[in-house]
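Before any comments, here is the structure.
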Amino acid sequence: MTDTAPAPAEPRSAIDPEALVEIADDLVRRAMKAGADAAEAGLVEGRALEASIRNGALEDLERSESRDAGLRVFIGKRQAGVAFSDLSEAGRTLAVERALAMARVAPEDRYCGLVEPGELARSIPDIPLYEDRDWDPDVLERLGLAMEEAALKVDHVETIASAGASFGAGAVALVTSNGFSAGRRSSSCSLGIAPLAKRDGQMERDFKGHSSRRFEDLKSPEEIGRIAGERAAARLGSTKMASGKMPVVFDERVATTFVSSFLGAISGPAIARGTSFLRGKMGERVFAEGIDIIEDPLKPWGHGSRAFDGEGVPVRARALVEDGVVTTWLLNASSARQLGLPLTGHASQGLGSPPGIRTSNVHLAPGERTRQELIADAGNGLLVTEMFGPSLNENTGDWSVGVAGFAIENGKIAYPVSEMTVAGNLLDMFARLEPGSDLEFEHATNAPSVLVDALSVGGR
């Protein structure tokens, strides 16, 4: 980014994952000594410094710190867990006692249990995710002020609803009684602003934010503020357009909904329950030829990167969709046992609760045509830039969502629209969607703009 890097501030202790590992190891040893057949413990620590800006001045500066723990124990095929933050001697003792007491009366679950020792990660890659630097409040204030100033320079932007900047750091640790012990740490910095534009008595609001692991990768506050202001001003004069079936372009800000919906549909627990519209589709072409959805958990400085999953299983880069074909389910130990399939390294870490499913750095591979070319190809249709209130039938894939954006006329953006709905079936939409070329890696899940033809649009 263009702003000057943070100057040294007050010295502070670096966040230490090894300290969390020691606490987790102690909890596991206590649980095993107290009668557990197996146990796992996880810890999460977070620190943040956030500055809020309003009317050209620092409004608030907030520091926060937290450290939370979770313990899961097994007695035969019974399991129970507790989450807690009192890490004193008495707090640890009480957590172990409560977890074991609940496990003794819990119903049996034949699929529960730690992963087999041979499935655990033994060589853990060192992924750069943490930038150790002192946090200077003055830098956050300057960034926020620069954002606000840039947004207010945009015509019709009258005020700023909120603007802020932050630094953050975190660490996690996982220890299991069958031999896994590891921790990792990460850092973050972010900018965000929500301007209000006004014209002829109508007021509209929009937002732009950006975050990164390293300060040098953060976009400039001037760019963030300008884009947010332009977005808010562009929404002035919003109206409804006529209902009908038409092509719809989903801006890259909202196109990730297709990736997220796909990931939910290939989640192992959903497949095992039979509640996914993609059940039975592994190995089949669901998207058009040439469509790839890629996961890379080992990406340096990635928003969702991790060196092992929430059960200590190794992770790797892979294509979740290759040339339109679904290649895998997303499995944790429980769902893998239910489906009789090998682990895939997609368990999320639960603090005292059974692991869920999590992916790491997933993106829809970009196409060849630009966003503007997709809009031109749409002819007369709709550009969606905001979604709210989505509804999905997980069994059928029927999907609808409230949207705002812009009418497309003769291949060009015509005027802003709001209070619209878009509906379709995700299986049909997956098969017909075309990705644009404007992919940016700004989140843990990313997608370029997407064109889908012939969707039902509700307006006036």
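Simple scheme: letters A, B, ... for chains in structure tokens order, numbers from 1 for residues in each chain, numbers from 1 for ligands in the order shown.
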
Selection near stretch 414-431 of chain A, 7 Å with only C-alpha atoms, sequence-local residues under 5 positions removed, as an mmCIF file with N, CA and C atoms, in the first residue's frame:
data_model
loop_
_atom_site.group_PDB
_atom_site.id
_atom_site.type_symbol
_atom_site.label_atom_id
_atom_site.label_comp_id
_atom_site.auth_asym_id
_atom_site.auth_seq_id
_atom_site.Cartn_x
_atom_site.Cartn_y
_atom_site.Cartn_z
ATOM 1 N N ARG A 235 -25.713 4.513 -6.212
ATOM 2 C CA ARG A 235 -27.003 3.919 -5.846
ATOM 3 C C ARG A 235 -28.128 4.946 -5.787
ATOM 4 N N GLY A 237 -31.064 7.331 -6.614
ATOM 5 C CA GLY A 237 -32.090 7.213 -7.646
ATOM 6 C C GLY A 237 -32.552 5.798 -7.884
ATOM 7 N N SER A 238 -32.284 4.883 -6.943
ATOM 8 C CA SER A 238 -32.669 3.478 -7.123
ATOM 9 C C SER A 238 -34.173 3.340 -7.277
ATOM 10 N N THR A 239 -34.559 2.419 -8.148
ATOM 11 C CA THR A 239 -35.963 2.135 -8.395
ATOM 12 C C THR A 239 -36.104 0.652 -8.667
ATOM 13 N N LYS A 240 -37.278 0.209 -9.043
ATOM 14 C CA LYS A 240 -37.482 -1.181 -9.432
ATOM 15 C C LYS A 240 -37.520 -1.287 -10.944
ATOM 16 N N MET A 241 -37.118 -2.435 -11.453
ATOM 17 C CA MET A 241 -37.246 -2.700 -12.877
ATOM 18 C C MET A 241 -38.328 -3.762 -13.087
ATOM 19 N N VAL A 286 -21.119 -31.232 -12.848
ATOM 20 C CA VAL A 286 -22.160 -30.367 -12.288
ATOM 21 C C VAL A 286 -22.054 -28.963 -12.862
ATOM 22 N N PHE A 287 -20.836 -28.507 -13.079
ATOM 23 C CA PHE A 287 -20.598 -27.211 -13.718
ATOM 24 C C PHE A 287 -20.280 -27.453 -15.196
ATOM 25 N N ALA A 288 -20.201 -26.374 -15.955
ATOM 26 C CA ALA A 288 -19.878 -26.490 -17.379
ATOM 27 C C ALA A 288 -18.431 -26.940 -17.564
ATOM 28 N N GLY A 397 -32.033 -27.571 -4.069
ATOM 29 C CA GLY A 397 -31.216 -26.536 -4.683
ATOM 30 C C GLY A 397 -31.994 -25.317 -5.116
ATOM 31 N N ASP A 398 -33.302 -25.279 -4.866
ATOM 32 C CA ASP A 398 -34.089 -24.088 -5.198
ATOM 33 C C ASP A 398 -33.607 -22.924 -4.328
ATOM 34 N N TRP A 399 -33.378 -21.776 -4.970
ATOM 35 C CA TRP A 399 -32.691 -20.668 -4.317
ATOM 36 C C TRP A 399 -33.337 -19.355 -4.705
ATOM 37 N N SER A 400 -33.462 -18.457 -3.741
ATOM 38 C CA SER A 400 -33.941 -17.105 -4.031
ATOM 39 C C SER A 400 -33.267 -16.135 -3.073
ATOM 40 N N VAL A 401 -33.187 -14.871 -3.488
ATOM 41 C CA VAL A 401 -32.487 -13.886 -2.673
ATOM 42 C C VAL A 401 -32.956 -12.490 -3.043
ATOM 43 N N GLY A 402 -33.027 -11.610 -2.058
ATOM 44 C CA GLY A 402 -33.278 -10.210 -2.330
ATOM 45 C C GLY A 402 -32.002 -9.541 -2.817
ATOM 46 N N VAL A 403 -32.121 -8.637 -3.785
ATOM 47 C CA VAL A 403 -30.921 -8.051 -4.379
ATOM 48 C C VAL A 403 -31.108 -6.561 -4.643
ATOM 49 N N ALA A 404 -29.976 -5.902 -4.805
ATOM 50 C CA ALA A 404 -29.914 -4.536 -5.322
ATOM 51 C C ALA A 404 -28.771 -4.498 -6.322
ATOM 52 N N GLY A 405 -28.809 -3.529 -7.218
ATOM 53 C CA GLY A 405 -27.754 -3.443 -8.226
ATOM 54 C C GLY A 405 -28.100 -2.442 -9.307
ATOM 55 N N PHE A 406 -27.990 -2.878 -10.564
ATOM 56 C CA PHE A 406 -28.185 -1.968 -11.689
ATOM 57 C C PHE A 406 -28.866 -2.695 -12.851
ATOM 58 N N ALA A 407 -29.786 -1.987 -13.480
ATOM 59 C CA ALA A 407 -30.381 -2.514 -14.703
ATOM 60 C C ALA A 407 -29.348 -2.458 -15.824
ATOM 61 N N ILE A 408 -29.369 -3.460 -16.678
ATOM 62 C CA ILE A 408 -28.511 -3.498 -17.860
ATOM 63 C C ILE A 408 -29.401 -3.327 -19.088
ATOM 64 N N GLU A 409 -29.095 -2.334 -19.902
ATOM 65 C CA GLU A 409 -29.847 -2.099 -21.133
ATOM 66 C C GLU A 409 -28.884 -1.980 -22.299
ATOM 67 N N VAL A 452 -25.077 -15.537 -15.389
ATOM 68 C CA VAL A 452 -26.009 -16.662 -15.491
ATOM 69 C C VAL A 452 -27.181 -16.199 -16.346
ATOM 70 N N LEU A 455 -32.527 -16.126 -15.615
ATOM 71 C CA LEU A 455 -32.996 -16.302 -14.246
ATOM 72 C C LEU A 455 -34.293 -15.505 -14.030
ATOM 73 N N SER A 456 -35.077 -15.938 -13.055
ATOM 74 C CA SER A 456 -36.315 -15.228 -12.733
ATOM 75 C C SER A 456 -35.988 -14.030 -11.859
ATOM 76 N N VAL A 457 -36.354 -12.852 -12.326
ATOM 77 C CA VAL A 457 -36.103 -11.602 -11.610
ATOM 78 C C VAL A 457 -37.462 -10.987 -11.243
ATOM 79 N N GLY A 458 -37.636 -10.677 -9.982
ATOM 80 C CA GLY A 458 -38.876 -10.065 -9.522
ATOM 81 C C GLY A 458 -38.663 -8.592 -9.196
ATOM 82 N N GLY A 459 -39.494 -7.736 -9.750
ATOM 83 C CA GLY A 459 -39.433 -6.303 -9.493
ATOM 84 C C GLY A 459 -40.831 -5.740 -9.420
#

As an mmCIF file with N, CA and C atoms, in the first residue's frame, please: every residue in stretch 20-206 of chain A that DSSP puts in alpha helix (DSSP H).
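As written to disk, out37.cif reads:
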data_model
loop_
_atom_site.group_PDB
_atom_site.id
_atom_site.type_symbol
_atom_site.label_atom_id
_atom_site.label_comp_id
_atom_site.auth_asym_id
_atom_site.auth_seq_id
_atom_site.Cartn_x
_atom_site.Cartn_y
_atom_site.Cartn_z
ATOM 1 N N LEU A 20 -0.045 -21.780 24.387
ATOM 2 C CA LEU A 20 -1.353 -22.410 24.257
ATOM 3 C C LEU A 20 -1.228 -23.917 24.181
ATOM 4 N N VAL A 21 -0.211 -24.410 23.473
ATOM 5 C CA VAL A 21 0.021 -25.854 23.387
ATOM 6 C C VAL A 21 0.258 -26.441 24.770
ATOM 7 N N GLU A 22 1.013 -25.758 25.600
ATOM 8 C CA GLU A 22 1.288 -26.253 26.952
ATOM 9 C C GLU A 22 0.008 -26.376 27.771
ATOM 10 N N ILE A 23 -0.870 -25.393 27.651
ATOM 11 C CA ILE A 23 -2.139 -25.452 28.384
ATOM 12 C C ILE A 23 -3.000 -26.594 27.854
ATOM 13 N N ALA A 24 -3.076 -26.734 26.523
ATOM 14 C CA ALA A 24 -3.867 -27.805 25.929
ATOM 15 C C ALA A 24 -3.341 -29.170 26.352
ATOM 16 N N ASP A 25 -2.023 -29.327 26.363
ATOM 17 C CA ASP A 25 -1.427 -30.595 26.784
ATOM 18 C C ASP A 25 -1.776 -30.901 28.239
ATOM 19 N N ASP A 26 -1.754 -29.891 29.077
ATOM 20 C CA ASP A 26 -2.110 -30.091 30.484
ATOM 21 C C ASP A 26 -3.561 -30.543 30.627
ATOM 22 N N LEU A 27 -4.461 -29.956 29.862
ATOM 23 C CA LEU A 27 -5.874 -30.342 29.928
ATOM 24 C C LEU A 27 -6.073 -31.789 29.495
ATOM 25 N N VAL A 28 -5.384 -32.203 28.435
ATOM 26 C CA VAL A 28 -5.512 -33.581 27.967
ATOM 27 C C VAL A 28 -4.983 -34.554 29.026
ATOM 28 N N ARG A 29 -3.839 -34.239 29.606
ATOM 29 C CA ARG A 29 -3.277 -35.123 30.628
ATOM 30 C C ARG A 29 -4.205 -35.224 31.837
ATOM 31 N N ARG A 30 -4.798 -34.124 32.246
ATOM 32 C CA ARG A 30 -5.743 -34.142 33.363
ATOM 33 C C ARG A 30 -6.956 -35.022 33.039
ATOM 34 N N ALA A 31 -7.479 -34.879 31.808
ATOM 35 C CA ALA A 31 -8.661 -35.657 31.422
ATOM 36 C C ALA A 31 -8.358 -37.153 31.406
ATOM 37 N N MET A 32 -7.203 -37.526 30.882
ATOM 38 C CA MET A 32 -6.842 -38.943 30.819
ATOM 39 C C MET A 32 -6.639 -39.500 32.231
ATOM 40 N N LYS A 33 -6.021 -38.741 33.087
ATOM 41 C CA LYS A 33 -5.801 -39.184 34.468
ATOM 42 C C LYS A 33 -7.123 -39.334 35.209
ATOM 43 N N GLU A 89 -5.961 -22.963 37.874
ATOM 44 C CA GLU A 89 -5.956 -24.345 38.347
ATOM 45 C C GLU A 89 -7.375 -24.818 38.623
ATOM 46 N N ALA A 90 -8.143 -23.992 39.313
ATOM 47 C CA ALA A 90 -9.522 -24.373 39.630
ATOM 48 C C ALA A 90 -10.377 -24.463 38.372
ATOM 49 N N GLY A 91 -10.152 -23.537 37.424
ATOM 50 C CA GLY A 91 -10.930 -23.552 36.184
ATOM 51 C C GLY A 91 -10.664 -24.788 35.359
ATOM 52 N N ARG A 92 -9.420 -25.213 35.265
ATOM 53 C CA ARG A 92 -9.075 -26.410 34.505
ATOM 54 C C ARG A 92 -9.660 -27.661 35.172
ATOM 55 N N THR A 93 -9.556 -27.728 36.483
ATOM 56 C CA THR A 93 -10.101 -28.886 37.203
ATOM 57 C C THR A 93 -11.600 -29.005 36.995
ATOM 58 N N LEU A 94 -12.302 -27.878 37.104
ATOM 59 C CA LEU A 94 -13.752 -27.887 36.927
ATOM 60 C C LEU A 94 -14.128 -28.290 35.506
ATOM 61 N N ALA A 95 -13.390 -27.803 34.504
ATOM 62 C CA ALA A 95 -13.693 -28.144 33.112
ATOM 63 C C ALA A 95 -13.567 -29.644 32.877
ATOM 64 N N VAL A 96 -12.518 -30.252 33.405
ATOM 65 C CA VAL A 96 -12.328 -31.694 33.244
ATOM 66 C C VAL A 96 -13.454 -32.462 33.924
ATOM 67 N N GLU A 97 -13.798 -32.065 35.131
ATOM 68 C CA GLU A 97 -14.864 -32.752 35.869
ATOM 69 C C GLU A 97 -16.194 -32.681 35.125
ATOM 70 N N ARG A 98 -16.520 -31.505 34.601
ATOM 71 C CA ARG A 98 -17.804 -31.340 33.904
ATOM 72 C C ARG A 98 -17.840 -32.133 32.604
ATOM 73 N N ALA A 99 -16.742 -32.101 31.866
ATOM 74 C CA ALA A 99 -16.714 -32.836 30.599
ATOM 75 C C ALA A 99 -16.901 -34.325 30.828
ATOM 76 N N LEU A 100 -16.205 -34.883 31.789
ATOM 77 C CA LEU A 100 -16.315 -36.320 32.065
ATOM 78 C C LEU A 100 -17.702 -36.673 32.589
ATOM 79 N N ALA A 101 -18.263 -35.830 33.449
ATOM 80 C CA ALA A 101 -19.602 -36.103 33.975
ATOM 81 C C ALA A 101 -20.634 -36.150 32.855
ATOM 82 N N MET A 102 -20.523 -35.234 31.891
ATOM 83 C CA MET A 102 -21.466 -35.228 30.767
ATOM 84 C C MET A 102 -21.231 -36.407 29.838
ATOM 85 N N ALA A 103 -19.972 -36.801 29.628
ATOM 86 C CA ALA A 103 -19.678 -37.924 28.739
ATOM 87 C C ALA A 103 -20.257 -39.224 29.270
ATOM 88 N N ARG A 104 -20.260 -39.392 30.582
ATOM 89 C CA ARG A 104 -20.759 -40.643 31.164
ATOM 90 C C ARG A 104 -22.240 -40.853 30.915
ATOM 91 N N VAL A 105 -22.993 -39.772 30.731
ATOM 92 C CA VAL A 105 -24.446 -39.897 30.524
ATOM 93 C C VAL A 105 -24.857 -39.552 29.096
ATOM 94 N N PRO A 137 -1.183 3.206 17.338
ATOM 95 C CA PRO A 137 -2.527 3.775 17.191
ATOM 96 C C PRO A 137 -2.567 4.959 16.240
ATOM 97 N N ASP A 138 -1.471 5.713 16.176
ATOM 98 C CA ASP A 138 -1.453 6.877 15.284
ATOM 99 C C ASP A 138 -1.583 6.473 13.823
ATOM 100 N N VAL A 139 -1.011 5.313 13.479
ATOM 101 C CA VAL A 139 -1.119 4.828 12.102
ATOM 102 C C VAL A 139 -2.569 4.502 11.769
ATOM 103 N N LEU A 140 -3.264 3.828 12.670
ATOM 104 C CA LEU A 140 -4.671 3.506 12.436
ATOM 105 C C LEU A 140 -5.501 4.771 12.272
ATOM 106 N N GLU A 141 -5.201 5.773 13.090
ATOM 107 C CA GLU A 141 -5.933 7.037 12.979
ATOM 108 C C GLU A 141 -5.684 7.687 11.622
ATOM 109 N N ARG A 142 -4.438 7.707 11.164
ATOM 110 C CA ARG A 142 -4.126 8.314 9.865
ATOM 111 C C ARG A 142 -4.812 7.564 8.720
ATOM 112 N N LEU A 143 -4.817 6.256 8.807
ATOM 113 C CA LEU A 143 -5.476 5.462 7.765
ATOM 114 C C LEU A 143 -6.968 5.770 7.710
ATOM 115 N N GLY A 144 -7.609 5.803 8.873
ATOM 116 C CA GLY A 144 -9.043 6.085 8.906
ATOM 117 C C GLY A 144 -9.375 7.474 8.401
ATOM 118 N N LEU A 145 -8.573 8.460 8.782
ATOM 119 C CA LEU A 145 -8.809 9.823 8.315
ATOM 120 C C LEU A 145 -8.630 9.942 6.808
ATOM 121 N N ALA A 146 -7.623 9.252 6.264
ATOM 122 C CA ALA A 146 -7.388 9.291 4.818
ATOM 123 C C ALA A 146 -8.543 8.651 4.062
ATOM 124 N N MET A 147 -9.095 7.570 4.604
ATOM 125 C CA MET A 147 -10.262 6.931 3.981
ATOM 126 C C MET A 147 -11.448 7.863 3.965
ATOM 127 N N GLU A 148 -11.717 8.468 5.117
ATOM 128 C CA GLU A 148 -12.865 9.360 5.222
ATOM 129 C C GLU A 148 -12.730 10.545 4.266
ATOM 130 N N GLU A 149 -11.550 11.126 4.224
ATOM 131 C CA GLU A 149 -11.322 12.272 3.343
ATOM 132 C C GLU A 149 -11.546 11.897 1.882
ATOM 133 N N ALA A 150 -11.050 10.734 1.463
ATOM 134 C CA ALA A 150 -11.211 10.311 0.069
ATOM 135 C C ALA A 150 -12.677 10.072 -0.278
ATOM 136 N N ALA A 151 -13.435 9.481 0.655
ATOM 137 C CA ALA A 151 -14.851 9.226 0.388
ATOM 138 C C ALA A 151 -15.632 10.531 0.281
ATOM 139 N N LEU A 152 -15.321 11.505 1.123
ATOM 140 C CA LEU A 152 -16.057 12.767 1.123
ATOM 141 C C LEU A 152 -15.769 13.626 -0.103
#

> Looking only at the backbone, which of the residues in stretch 177-365 of chain A does DSSP tag as strand (DSSP E), as a PyMOL selection string?
Replying inline: chain A and resi 181-199+202-205+208-212+244-250+293-295+318-322+325-326+362-364

Give me a file of those residues, with N, CA and C atoms, as a short mmCIF file (atom, residue, chain, number, x, y, z; two decimals), in the first residue's frame.
data_model
loop_
_atom_site.label_atom_id
_atom_site.label_comp_id
_atom_site.auth_asym_id
_atom_site.auth_seq_id
_atom_site.Cartn_x
_atom_site.Cartn_y
_atom_site.Cartn_z
N SER A 181 0.12 -32.64 18.49
CA SER A 181 0.37 -31.45 19.29
C SER A 181 0.96 -30.38 18.39
N ALA A 182 0.24 -29.27 18.19
CA ALA A 182 0.75 -28.21 17.32
C ALA A 182 -0.02 -26.92 17.58
N GLY A 183 0.61 -25.82 17.24
CA GLY A 183 -0.02 -24.51 17.32
C GLY A 183 0.41 -23.67 16.14
N ARG A 184 -0.32 -22.62 15.87
CA ARG A 184 0.04 -21.72 14.79
C ARG A 184 -0.49 -20.33 15.14
N ARG A 185 0.10 -19.31 14.53
CA ARG A 185 -0.36 -17.96 14.79
C ARG A 185 -0.51 -17.20 13.49
N SER A 186 -1.24 -16.12 13.54
CA SER A 186 -1.51 -15.33 12.34
C SER A 186 -1.71 -13.88 12.73
N SER A 187 -1.59 -13.02 11.75
CA SER A 187 -1.82 -11.59 11.97
C SER A 187 -2.81 -11.07 10.94
N SER A 188 -3.31 -9.89 11.18
CA SER A 188 -4.25 -9.28 10.24
C SER A 188 -4.24 -7.78 10.40
N CYS A 189 -4.65 -7.09 9.35
CA CYS A 189 -4.91 -5.65 9.41
C CYS A 189 -6.05 -5.37 8.44
N SER A 190 -6.85 -4.38 8.73
CA SER A 190 -8.03 -4.16 7.90
C SER A 190 -8.44 -2.70 7.89
N LEU A 191 -9.15 -2.34 6.82
CA LEU A 191 -9.75 -1.02 6.65
C LEU A 191 -11.20 -1.21 6.23
N GLY A 192 -12.07 -0.32 6.66
CA GLY A 192 -13.46 -0.39 6.24
C GLY A 192 -14.15 0.94 6.40
N ILE A 193 -15.04 1.26 5.45
CA ILE A 193 -15.75 2.54 5.51
C ILE A 193 -17.11 2.41 4.86
N ALA A 194 -18.12 3.10 5.44
CA ALA A 194 -19.48 3.08 4.92
C ALA A 194 -19.95 4.52 4.74
N PRO A 195 -19.85 5.08 3.53
CA PRO A 195 -20.31 6.47 3.29
C PRO A 195 -21.82 6.53 3.02
N LEU A 196 -22.36 7.72 3.25
CA LEU A 196 -23.75 8.03 2.94
C LEU A 196 -23.79 9.10 1.87
N ALA A 197 -24.49 8.81 0.78
CA ALA A 197 -24.66 9.78 -0.30
C ALA A 197 -26.10 10.30 -0.30
N LYS A 198 -26.28 11.56 -0.68
CA LYS A 198 -27.61 12.15 -0.64
C LYS A 198 -27.83 13.03 -1.87
N ARG A 199 -29.06 12.92 -2.43
CA ARG A 199 -29.45 13.76 -3.57
C ARG A 199 -30.97 13.80 -3.65
N GLN A 202 -33.07 11.83 -1.24
CA GLN A 202 -32.85 10.39 -1.13
C GLN A 202 -31.44 10.13 -0.62
N MET A 203 -31.32 9.18 0.28
CA MET A 203 -30.01 8.85 0.85
C MET A 203 -29.71 7.38 0.60
N GLU A 204 -28.48 7.09 0.22
CA GLU A 204 -28.04 5.71 -0.02
C GLU A 204 -26.71 5.47 0.69
N ARG A 205 -26.49 4.23 1.07
CA ARG A 205 -25.29 3.85 1.80
C ARG A 205 -24.64 2.66 1.11
N LYS A 208 -17.05 -0.39 1.60
CA LYS A 208 -15.87 -1.01 1.02
C LYS A 208 -14.90 -1.31 2.15
N GLY A 209 -14.37 -2.51 2.13
CA GLY A 209 -13.38 -2.89 3.13
C GLY A 209 -12.28 -3.71 2.48
N HIS A 210 -11.19 -3.85 3.19
CA HIS A 210 -10.10 -4.70 2.72
C HIS A 210 -9.29 -5.16 3.91
N SER A 211 -8.83 -6.39 3.86
CA SER A 211 -7.99 -6.91 4.94
C SER A 211 -6.87 -7.74 4.35
N SER A 212 -5.81 -7.89 5.12
CA SER A 212 -4.66 -8.68 4.68
C SER A 212 -3.90 -9.17 5.90
N GLY A 244 -39.26 -10.44 -14.86
CA GLY A 244 -39.15 -11.29 -16.04
C GLY A 244 -37.98 -12.24 -15.96
N LYS A 245 -37.82 -13.05 -16.97
CA LYS A 245 -36.65 -13.92 -17.07
C LYS A 245 -35.60 -13.20 -17.88
N MET A 246 -34.38 -13.15 -17.34
CA MET A 246 -33.35 -12.36 -18.01
C MET A 246 -31.97 -12.81 -17.55
N PRO A 247 -30.93 -12.44 -18.30
CA PRO A 247 -29.56 -12.70 -17.86
C PRO A 247 -29.23 -11.87 -16.62
N VAL A 248 -28.44 -12.46 -15.72
CA VAL A 248 -28.03 -11.76 -14.49
C VAL A 248 -26.52 -11.89 -14.34
N VAL A 249 -25.88 -10.74 -14.14
CA VAL A 249 -24.45 -10.72 -13.82
C VAL A 249 -24.32 -10.48 -12.32
N PHE A 250 -23.60 -11.36 -11.65
CA PHE A 250 -23.35 -11.22 -10.22
C PHE A 250 -21.94 -10.65 -10.04
N ILE A 293 -12.88 -25.24 -9.46
CA ILE A 293 -12.92 -24.62 -8.14
C ILE A 293 -11.75 -25.19 -7.36
N ILE A 294 -10.84 -24.32 -6.94
CA ILE A 294 -9.55 -24.72 -6.40
C ILE A 294 -9.47 -24.37 -4.91
N GLU A 295 -8.84 -25.25 -4.14
CA GLU A 295 -8.55 -24.99 -2.74
C GLU A 295 -7.05 -25.07 -2.51
N ARG A 318 -5.90 -28.79 -3.80
CA ARG A 318 -6.63 -29.72 -4.66
C ARG A 318 -7.69 -28.97 -5.45
N ALA A 319 -8.17 -29.60 -6.50
CA ALA A 319 -9.33 -29.10 -7.24
C ALA A 319 -10.58 -29.76 -6.68
N LEU A 320 -11.48 -28.98 -6.13
CA LEU A 320 -12.75 -29.51 -5.65
C LEU A 320 -13.69 -29.77 -6.82
N VAL A 321 -13.53 -28.96 -7.86
CA VAL A 321 -14.20 -29.17 -9.14
C VAL A 321 -13.14 -29.06 -10.22
N GLU A 322 -13.08 -30.04 -11.10
CA GLU A 322 -12.10 -30.04 -12.17
C GLU A 322 -12.80 -30.27 -13.50
N VAL A 325 -16.35 -31.19 -13.04
CA VAL A 325 -16.67 -32.43 -12.34
C VAL A 325 -16.37 -32.31 -10.85
N VAL A 326 -17.30 -32.74 -10.01
CA VAL A 326 -17.11 -32.76 -8.57
C VAL A 326 -16.13 -33.88 -8.22
N VAL A 362 -10.46 -21.07 -0.94
CA VAL A 362 -11.15 -21.65 -2.10
C VAL A 362 -11.47 -20.53 -3.09
N HIS A 363 -11.29 -20.81 -4.38
CA HIS A 363 -11.69 -19.81 -5.38
C HIS A 363 -12.23 -20.49 -6.64
N LEU A 364 -13.17 -19.80 -7.26
CA LEU A 364 -13.65 -20.16 -8.59
C LEU A 364 -12.66 -19.60 -9.60
#

Per residue of stretch 95-151 of chain A within 10 Å of stretch 337-353 of chain A, what are the shortest atom pair and its distance in Å to one decimal, counting only C-alpha atoms, with rows by chain and residue number, as JSON lines?
{"residue": "A:Ala99", "atom": "CA", "partner": "A:Gly352", "partner_atom": "CA", "distance": 8.8}
{"residue": "A:Arg110", "atom": "CA", "partner": "A:Arg337", "partner_atom": "CA", "distance": 9.1}
{"residue": "A:Tyr111", "atom": "CA", "partner": "A:Arg337", "partner_atom": "CA", "distance": 6.0}
{"residue": "A:Cys112", "atom": "CA", "partner": "A:Arg337", "partner_atom": "CA", "distance": 8.6}
{"residue": "A:Gly113", "atom": "CA", "partner": "A:Arg337", "partner_atom": "CA", "distance": 10.0}
{"residue": "A:Val115", "atom": "CA", "partner": "A:Leu343", "partner_atom": "CA", "distance": 8.9}
{"residue": "A:Glu119", "atom": "CA", "partner": "A:Leu343", "partner_atom": "CA", "distance": 8.0}
{"residue": "A:Leu120", "atom": "CA", "partner": "A:Gly345", "partner_atom": "CA", "distance": 9.8}
{"residue": "A:Ala121", "atom": "CA", "partner": "A:Gly345", "partner_atom": "CA", "distance": 9.8}

>> Taking 3 positions as the minimum chain separation for residues in the same chain, which residues sit within 12 Å of A:Arg371 when counting only C-alpha atoms? Answer as number ranges by chain.
In response: A: 248-252, 255, 366-368, 374-378, 383, 411-413, 434-439, 448-451

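Straight-line separation from atom CA of A:Leu278 to atom CA of A:Phe388: 23.9 Å.
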
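With only C-alpha atoms as the basis for measurement, A:Gly76 is the residue among A:Gly76, A:Pro269, A:Gly356, A:Gly310 that approaches A:Asp109 most closely.
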
> With only C-alpha atoms as the basis for distance, which of A:Phe167, A:Arg285, A:Asp37, A:Thr359 is at the shortest distance from A:Val315?
Replying inline: A:Thr359
